[in-house]
Every structure is written in C-alpha cells, then in structure tokens.
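Next comes target03.cif, a file with mmCIF, C-alpha atoms.
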```cif
data_my_file
loop_
_atom_site.group_PDB
_atom_site.id
_atom_site.type_symbol
_atom_site.label_atom_id
_atom_site.label_comp_id
_atom_site.auth_asym_id
_atom_site.auth_seq_id
_atom_site.Cartn_x
_atom_site.Cartn_y
_atom_site.Cartn_z
ATOM 1 C CA MET A 1 74.281 1.481 28.232
ATOM 2 C CA LYS A 2 72.538 4.819 27.816
ATOM 3 C CA ALA A 3 74.893 7.597 26.826
ATOM 4 C CA GLU A 4 75.075 10.419 29.324
ATOM 5 C CA GLU A 5 73.386 13.604 28.182
ATOM 6 C CA PRO A 6 76.138 16.207 27.722
ATOM 7 C CA LYS A 7 76.215 19.168 30.035
ATOM 8 C CA GLU A 8 74.926 22.236 28.234
ATOM 9 C CA GLN A 9 77.888 24.315 29.387
ATOM 10 C CA ARG A 10 80.190 21.911 27.495
ATOM 11 C CA LEU A 11 78.465 22.627 24.204
ATOM 12 C CA THR A 12 79.525 25.209 21.678
ATOM 13 C CA LYS A 13 77.099 27.992 20.801
ATOM 14 C CA GLY A 14 76.181 26.093 17.651
ATOM 15 C CA GLY A 15 75.770 22.893 19.625
ATOM 16 C CA ARG A 16 73.398 24.556 22.071
ATOM 17 C CA LYS A 17 71.313 25.924 19.195
ATOM 18 C CA THR A 18 71.148 22.529 17.526
ATOM 19 C CA ARG A 19 70.194 20.831 20.773
ATOM 20 C CA GLU A 20 67.463 23.400 21.428
ATOM 21 C CA ARG A 21 66.139 23.048 17.875
ATOM 22 C CA ILE A 22 65.842 19.288 18.356
ATOM 23 C CA ILE A 23 64.015 19.723 21.668
ATOM 24 C CA GLU A 24 61.589 22.281 20.240
ATOM 25 C CA ALA A 25 60.807 20.093 17.236
ATOM 26 C CA ALA A 26 60.331 17.030 19.434
ATOM 27 C CA ALA A 27 58.130 18.952 21.881
ATOM 28 C CA GLU A 28 55.844 20.147 19.090
ATOM 29 C CA LEU A 29 55.533 16.670 17.584
ATOM 30 C CA MET A 30 54.966 14.975 20.944
ATOM 31 C CA PHE A 31 52.290 17.481 21.883
ATOM 32 C CA HIS A 32 50.276 16.618 18.780
ATOM 33 C CA ARG A 33 51.185 12.920 18.370
ATOM 34 C CA GLY A 34 52.281 11.811 21.815
ATOM 35 C CA ALA A 35 55.758 10.587 22.720
ATOM 36 C CA GLY A 36 54.927 7.068 21.556
ATOM 37 C CA GLY A 37 53.644 8.331 18.227
ATOM 38 C CA THR A 38 56.756 10.385 17.534
ATOM 39 C CA SER A 39 59.721 8.585 16.012
ATOM 40 C CA ILE A 40 63.369 9.576 15.745
ATOM 41 C CA PRO A 41 62.991 9.951 11.925
ATOM 42 C CA ASP A 42 60.020 12.267 12.543
ATOM 43 C CA ILE A 43 62.193 14.452 14.772
ATOM 44 C CA GLN A 44 65.081 14.325 12.301
ATOM 45 C CA ALA A 45 62.850 15.638 9.537
ATOM 46 C CA ALA A 46 61.268 18.354 11.668
ATOM 47 C CA ALA A 47 64.546 19.601 13.135
ATOM 48 C CA GLY A 48 66.658 19.109 10.026
ATOM 49 C CA VAL A 49 69.273 16.993 11.807
ATOM 50 C CA SER A 50 70.722 13.500 11.550
ATOM 51 C CA ALA A 51 69.955 10.604 13.849
ATOM 52 C CA SER A 52 73.562 10.676 15.042
ATOM 53 C CA GLN A 53 73.099 14.253 16.256
ATOM 54 C CA ILE A 54 70.034 13.271 18.274
ATOM 55 C CA TYR A 55 71.867 10.362 19.881
ATOM 56 C CA HIS A 56 74.911 12.576 20.497
ATOM 57 C CA TYR A 57 72.913 15.166 22.443
ATOM 58 C CA PHE A 58 70.416 12.911 24.213
ATOM 59 C CA GLY A 59 71.788 9.365 24.277
ATOM 60 C CA ASP A 60 68.489 7.790 23.208
ATOM 61 C CA LYS A 61 64.834 8.641 22.763
ATOM 62 C CA GLN A 62 64.156 8.444 26.500
ATOM 63 C CA GLY A 63 66.812 11.088 27.099
ATOM 64 C CA LEU A 64 65.094 13.305 24.557
ATOM 65 C CA VAL A 65 61.704 12.731 26.195
ATOM 66 C CA LEU A 66 63.128 13.859 29.538
ATOM 67 C CA ALA A 67 64.543 16.973 27.877
ATOM 68 C CA VAL A 68 61.120 17.669 26.334
ATOM 69 C CA ILE A 69 59.483 17.438 29.771
ATOM 70 C CA ASP A 70 61.955 19.999 31.118
ATOM 71 C CA HIS A 71 61.458 22.222 28.073
ATOM 72 C CA GLN A 72 57.663 22.144 28.300
ATOM 73 C CA THR A 73 57.810 22.851 32.032
ATOM 74 C CA ASP A 74 60.166 25.818 31.599
ATOM 75 C CA THR A 75 58.141 27.202 28.704
ATOM 76 C CA ARG A 76 54.744 26.853 30.347
ATOM 77 C CA LEU A 77 55.877 28.367 33.655
ATOM 78 C CA ASP A 78 57.661 31.244 31.925
ATOM 79 C CA GLN A 79 54.462 31.999 29.969
ATOM 80 C CA GLN A 80 52.580 32.406 33.245
ATOM 81 C CA ARG A 81 54.958 34.912 34.798
ATOM 82 C CA PRO A 82 54.822 37.397 36.444
ATOM 83 C CA LEU A 83 51.322 36.321 37.539
ATOM 84 C CA LEU A 84 52.589 32.938 38.702
ATOM 85 C CA ASP A 85 55.038 34.549 41.103
ATOM 86 C CA ASN A 86 52.426 36.816 42.669
ATOM 87 C CA LEU A 87 49.540 34.495 43.546
ATOM 88 C CA ASP A 88 49.014 36.075 46.952
ATOM 89 C CA SER A 89 45.457 37.351 46.644
ATOM 90 C CA ILE A 90 42.105 35.970 45.557
ATOM 91 C CA GLU A 91 42.096 38.447 42.671
ATOM 92 C CA ALA A 92 45.508 37.237 41.486
ATOM 93 C CA LEU A 93 44.433 33.595 41.657
ATOM 94 C CA ARG A 94 41.325 34.330 39.605
ATOM 95 C CA GLU A 95 43.248 36.351 37.007
ATOM 96 C CA TRP A 96 45.896 33.623 36.655
ATOM 97 C CA CYS A 97 43.267 30.938 36.118
ATOM 98 C CA ASP A 98 41.192 33.130 33.809
ATOM 99 C CA ARG A 99 44.156 33.804 31.529
ATOM 100 C CA ALA A 100 44.813 30.084 31.254
ATOM 101 C CA GLY A 101 41.169 29.621 30.287
ATOM 102 C CA SER A 102 41.508 32.317 27.649
ATOM 103 C CA ARG A 103 44.558 30.540 26.196
ATOM 104 C CA GLN A 104 42.480 27.377 25.948
ATOM 105 C CA ASP A 105 39.684 29.284 24.208
ATOM 106 C CA ALA A 106 42.145 30.812 21.750
ATOM 107 C CA ARG A 107 43.112 27.387 20.426
ATOM 108 C CA GLY A 108 39.632 25.931 20.514
ATOM 109 C CA CYS A 109 40.419 23.868 23.625
ATOM 110 C CA GLU A 110 42.471 21.483 21.490
ATOM 111 C CA GLY A 111 45.568 19.729 22.790
ATOM 112 C CA GLY A 112 45.033 20.181 26.507
ATOM 113 C CA CYS A 113 47.958 20.899 28.818
ATOM 114 C CA GLU A 114 51.400 20.168 27.405
ATOM 115 C CA ILE A 115 52.680 18.808 30.717
ATOM 116 C CA GLY A 116 49.460 17.011 31.594
ATOM 117 C CA SER A 117 49.372 15.295 28.203
ATOM 118 C CA LEU A 118 52.874 13.910 28.728
ATOM 119 C CA ALA A 119 51.927 12.787 32.235
ATOM 120 C CA SER A 120 48.849 10.916 31.016
ATOM 121 C CA GLU A 121 50.923 9.031 28.471
ATOM 122 C CA LEU A 122 54.140 8.365 30.375
ATOM 123 C CA ALA A 123 53.441 8.166 34.120
ATOM 124 C CA ASP A 124 52.610 4.455 34.228
ATOM 125 C CA GLY A 125 55.149 3.133 31.753
ATOM 126 C CA ASP A 126 58.322 5.161 32.231
ATOM 127 C CA GLN A 127 59.661 5.576 35.759
ATOM 128 C CA SER A 128 62.282 8.143 34.745
ATOM 129 C CA ALA A 129 59.658 10.246 33.000
ATOM 130 C CA ARG A 130 57.277 9.912 35.959
ATOM 131 C CA THR A 131 59.967 11.151 38.332
ATOM 132 C CA ARG A 132 60.697 14.102 36.047
ATOM 133 C CA LEU A 133 56.963 14.870 35.817
ATOM 134 C CA VAL A 134 56.650 14.845 39.617
ATOM 135 C CA SER A 135 59.295 17.560 39.661
ATOM 136 C CA ALA A 136 57.464 19.464 36.911
ATOM 137 C CA PHE A 137 54.194 19.535 38.825
ATOM 138 C CA ASP A 138 56.012 20.427 42.058
ATOM 139 C CA ARG A 139 57.531 23.415 40.284
ATOM 140 C CA TRP A 140 54.054 24.443 39.114
ATOM 141 C CA GLU A 141 52.431 23.957 42.507
ATOM 142 C CA GLY A 142 55.214 25.733 44.395
ATOM 143 C CA PRO A 143 54.247 29.310 43.455
ATOM 144 C CA ILE A 144 50.597 28.632 44.362
ATOM 145 C CA ARG A 145 51.656 27.310 47.753
ATOM 146 C CA SER A 146 54.034 30.244 48.295
ATOM 147 C CA GLY A 147 51.350 32.788 47.419
ATOM 148 C CA LEU A 148 48.866 31.241 49.848
ATOM 149 C CA ALA A 149 51.562 31.093 52.541
ATOM 150 C CA ARG A 150 52.205 34.832 52.122
ATOM 151 C CA MET A 151 48.491 35.524 52.507
ATOM 152 C CA GLN A 152 48.543 33.485 55.703
ATOM 153 C CA GLU A 153 51.652 35.267 57.008
ATOM 154 C CA ARG A 154 49.951 38.628 56.453
ATOM 155 C CA GLY A 155 46.962 37.463 58.464
ATOM 156 C CA GLU A 156 44.631 37.449 55.458
ATOM 157 C CA LEU A 157 44.170 33.695 55.349
ATOM 158 C CA SER A 158 43.078 31.732 58.397
ATOM 159 C CA GLU A 159 45.812 29.951 60.338
ATOM 160 C CA ARG A 160 43.646 26.823 60.090
ATOM 161 C CA ALA A 161 43.881 26.826 56.298
ATOM 162 C CA ASP A 162 46.118 24.043 54.948
ATOM 163 C CA THR A 163 47.951 26.007 52.246
ATOM 164 C CA ALA A 164 49.702 22.907 50.872
ATOM 165 C CA ALA A 165 46.405 21.053 50.442
ATOM 166 C CA LEU A 166 44.710 24.102 48.921
ATOM 167 C CA ALA A 167 47.554 24.534 46.419
ATOM 168 C CA THR A 168 47.306 20.883 45.408
ATOM 169 C CA ALA A 169 43.530 21.190 45.041
ATOM 170 C CA LEU A 170 43.854 24.205 42.756
ATOM 171 C CA LEU A 171 46.479 22.560 40.563
ATOM 172 C CA ALA A 172 44.303 19.436 40.370
ATOM 173 C CA ALA A 173 41.343 21.609 39.325
ATOM 174 C CA VAL A 174 43.479 23.230 36.629
ATOM 175 C CA GLN A 175 44.598 19.867 35.260
ATOM 176 C CA GLY A 176 41.243 18.117 35.505
ATOM 177 C CA GLY A 177 39.414 21.124 34.138
ATOM 178 C CA MET A 178 41.745 21.334 31.144
ATOM 179 C CA LEU A 179 41.218 17.657 30.383
ATOM 180 C CA LEU A 180 37.427 18.007 30.441
ATOM 181 C CA SER A 181 37.666 21.175 28.355
ATOM 182 C CA GLN A 182 39.804 19.350 25.808
ATOM 183 C CA VAL A 183 37.270 16.537 25.526
ATOM 184 C CA ARG A 184 34.243 18.833 25.438
ATOM 185 C CA ARG A 185 35.925 21.562 23.339
ATOM 186 C CA SER A 186 34.716 24.169 25.811
ATOM 187 C CA SER A 187 36.528 25.909 28.674
ATOM 188 C CA THR A 188 33.371 25.859 30.799
ATOM 189 C CA ALA A 189 34.421 22.806 32.815
ATOM 190 C CA TYR A 190 37.869 24.292 33.468
ATOM 191 C CA ARG A 191 36.408 27.607 34.598
ATOM 192 C CA GLN A 192 33.880 25.907 36.863
ATOM 193 C CA ALA A 193 36.508 23.673 38.469
ATOM 194 C CA VAL A 194 39.029 26.406 39.253
ATOM 195 C CA SER A 195 36.306 28.816 40.377
ATOM 196 C CA ALA A 196 34.974 26.276 42.877
ATOM 197 C CA VAL A 197 38.423 25.784 44.426
ATOM 198 C CA ILE A 198 39.172 29.514 44.555
ATOM 199 C CA ASP A 199 35.763 30.066 46.201
ATOM 200 C CA HIS A 200 36.804 27.489 48.792
ATOM 201 C CA ILE A 201 40.127 29.286 49.352
ATOM 202 C CA GLU A 202 38.214 32.556 49.713
ATOM 203 C CA SER A 203 36.077 30.975 52.440
ATOM 204 C CA HIS A 204 39.262 30.783 54.555
ATOM 205 C CA LEU A 205 39.858 34.532 54.419
ATOM 206 C CA VAL A 206 39.888 36.336 57.749
ATOM 207 C CA ARG A 207 36.895 38.653 57.724
#
```
Represent the structure of the file as structure tokens.
Amino acid sequence: MKAEEPKEQRLTKGGRKTRERIIEAAAELMFHRGAGGTSIPDIQAAAGVSASQIYHYFGDKQGLVLAVIDHQTDTRLDQQRPLLDNLDSIEALREWCDRAGSRQDARGCEGGCEIGSLASELADGDQSARTRLVSAFDRWEGPIRSGLARMQERGELSERADTAALATALLAAVQGGMLLSQVRRSSTAYRQAVSAVIDHIESHLVR
C-alpha cells in the first residue's frame, strides 16, 4: 500500500527543507529527462539524500511526481505574477504573453513548458497525475477567465463573449505555441498563436 505523504505542517523545519530540496532536484531532472527517465537513484544523487528519505516524504515515486507537478505549478504561476492577476485589458494580455515569449527566447526555446511537458508524458498513463494536471491547468486558466470577466462586468467586453471559452482558447494557444516553438527553436509560432487569440478577444470589445 502506498504510504501517505506526510502533512507539511507535521514536519520539522529541517524536514521541510529536505523535502523541498528533493522536490526541486526531482523537478529539474524531470524537466530535462522526463519523469520516466528520472530514477530514484538519480534524485538521491542530485538532492544528496538517501532512498529512505525519499520514501519517507513521498511514499513512492508516484507521490514524488505529484509533488513535482504541484511545485512546477506553484513556481510557474508565481513567476507570472502580478501580471497574471491583472489580465483585465487587451494590453495586459499582450504583455503577459509577450513576457512568456521572451522567457522562451532567453533559453533558446529549449525545454518547452514545465507543466505542459509533464502533461504530455503522464496524462495517458497515470490517472493520479492526470487529475493533478487538470487542477494545474485550471489554476492557470482561472486568472485569464477572471480578467476577461472583469472586462465584461465593466462593459468593455461584449455580453455575448464567452469568457470561459476565450480563456481556454488563449491557454491552448500558449501551450500549443510553446510546443511548436520548442520543436522549431523559435518563438515565432508561439507569438503568432497567442496574438491571433488576443486579436479575437479584442474583436469582442464594445466600441
């Protein structure tokens, strides 16, 4: 039976630091090698811990993978704030997407999206991971949807605009654009995809 992951509040300060070090090491390895290509010994070596410590904090490798998904989601969303929490204008949407494109350019469009990469690998073979990834993308889409809803409430966006569908379309453009940019080693596809969706959102503005 899988051991239950301990509640963080039950850990000592040292325990929390060790747990976080394991997650960070695993996240870095899984981003470059994939979850399947990252072994427990790999994580041990990178984090400087024993296998027993990993099993103590996470129960098994699947528990660690779930923790990595949460870590990558928290990290990526925190990197995008405060822009992510203020997506209530066309200008803000464009700036948010442009900064993500610039981050891709800065690393030569290698690696793609940390969350999207995990989703591509795990969604079909690990139901627990897929469920956790659904939550991750919902957390990412939520601020887009909220920003569009505020525009609509202020009378700037047409009442006929489906803000939920538009938010999903923009997130899909971000993810698909990043994948194409990763393959082509150019952010052009990403920038074209997000620009097309934002242009469509702009077409719903009340003139």
Checklist line | Selected residue, from A:Gln127, A:Tyr57, A:Arg94, A:Glu156, that lies nearest to Leu170 in chain A when counting all atoms listed in the file | finding: A:Arg94
Please identify all polymer residues within 12 Å of Pro82 in chain A, counting only C-alpha atoms, omitting same-chain residues fewer than 6 positions from it, and present them as an mmCIF file with C-alpha atoms, in the coordinates of the input.
```cif
data_model
loop_
_atom_site.group_PDB
_atom_site.id
_atom_site.type_symbol
_atom_site.label_atom_id
_atom_site.label_comp_id
_atom_site.auth_asym_id
_atom_site.auth_seq_id
_atom_site.Cartn_x
_atom_site.Cartn_y
_atom_site.Cartn_z
ATOM 1 C CA ALA A 92 45.508 37.237 41.486
ATOM 2 C CA GLU A 95 43.248 36.351 37.007
ATOM 3 C CA TRP A 96 45.896 33.623 36.655
ATOM 4 C CA PRO A 143 54.247 29.310 43.455
#
```
Checklist line | Separation of CA of Glu114 in chain A from CA of Leu148 in chain A, in Å and rounded to one decimal | finding: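 If I compute the distance from CA of Glu114 in chain A to CA of Leu148 in chain A, I get 25.2 Å.
For Ala129 in chain A, the non-local neighbours within 12 Å, defined as residues at least 2 positions apart in the same chain or in other chains and counting all atoms listed in the file, are Ala35, Lys61, Gln62, Gly63, Leu64, Val65, Leu66, Ala67, Val68, Ile69, Asp70, Ile115, Leu118, Ala119, Ser120, Glu121, Leu122, Ala123, Asp124, Gly125, Asp126, Gln127, Thr131, Arg132, Leu133, Val134, Ser135 and Ala136 of chain A.
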Which protein, DNA or RNA residues have an atom at most 9 Å from (43.2, 23.0, 24.5), counting all atoms listed in the file? List them as a PDB file with C-alpha atoms, in the coordinates of the input.
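What follows is the written file out.pdb:
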```pdb
ATOM      1  CA  ARG A 103      44.558  30.540  26.196  1.00  0.00           C
ATOM      2  CA  GLN A 104      42.480  27.377  25.948  1.00  0.00           C
ATOM      3  CA  ASP A 105      39.684  29.284  24.208  1.00  0.00           C
ATOM      4  CA  ALA A 106      42.145  30.812  21.750  1.00  0.00           C
ATOM      5  CA  ARG A 107      43.112  27.387  20.426  1.00  0.00           C
ATOM      6  CA  GLY A 108      39.632  25.931  20.514  1.00  0.00           C
ATOM      7  CA  CYS A 109      40.419  23.868  23.625  1.00  0.00           C
ATOM      8  CA  GLU A 110      42.471  21.483  21.490  1.00  0.00           C
ATOM      9  CA  GLY A 111      45.568  19.729  22.790  1.00  0.00           C
ATOM     10  CA  GLY A 112      45.033  20.181  26.507  1.00  0.00           C
ATOM     11  CA  CYS A 113      47.958  20.899  28.818  1.00  0.00           C
ATOM     12  CA  MET A 178      41.745  21.334  31.144  1.00  0.00           C
ATOM     13  CA  LEU A 179      41.218  17.657  30.383  1.00  0.00           C
ATOM     14  CA  SER A 181      37.666  21.175  28.355  1.00  0.00           C
ATOM     15  CA  GLN A 182      39.804  19.350  25.808  1.00  0.00           C
ATOM     16  CA  VAL A 183      37.270  16.537  25.526  1.00  0.00           C
ATOM     17  CA  ARG A 185      35.925  21.562  23.339  1.00  0.00           C
ATOM     18  CA  SER A 186      34.716  24.169  25.811  1.00  0.00           C
ATOM     19  CA  SER A 187      36.528  25.909  28.674  1.00  0.00           C
TER      20      SER A 187
END
```
Note to self: Can you pull out the residues contacting range 46-55 of chain A? Cut-off 12 Å, using all atoms listed in the file, and skip same-chain residues under 2 positions away; I want them as a PyMOL selection string.
What the structure shows: chain A and resi 2-6+15-30+38-44+57-65+67
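Compared by their closest atoms to Phe137 in chain A, and using all atoms listed in the file, the residues A:Leu180, A:Leu157, A:Ile198, A:Leu77 rank with A:Leu77 nearest.
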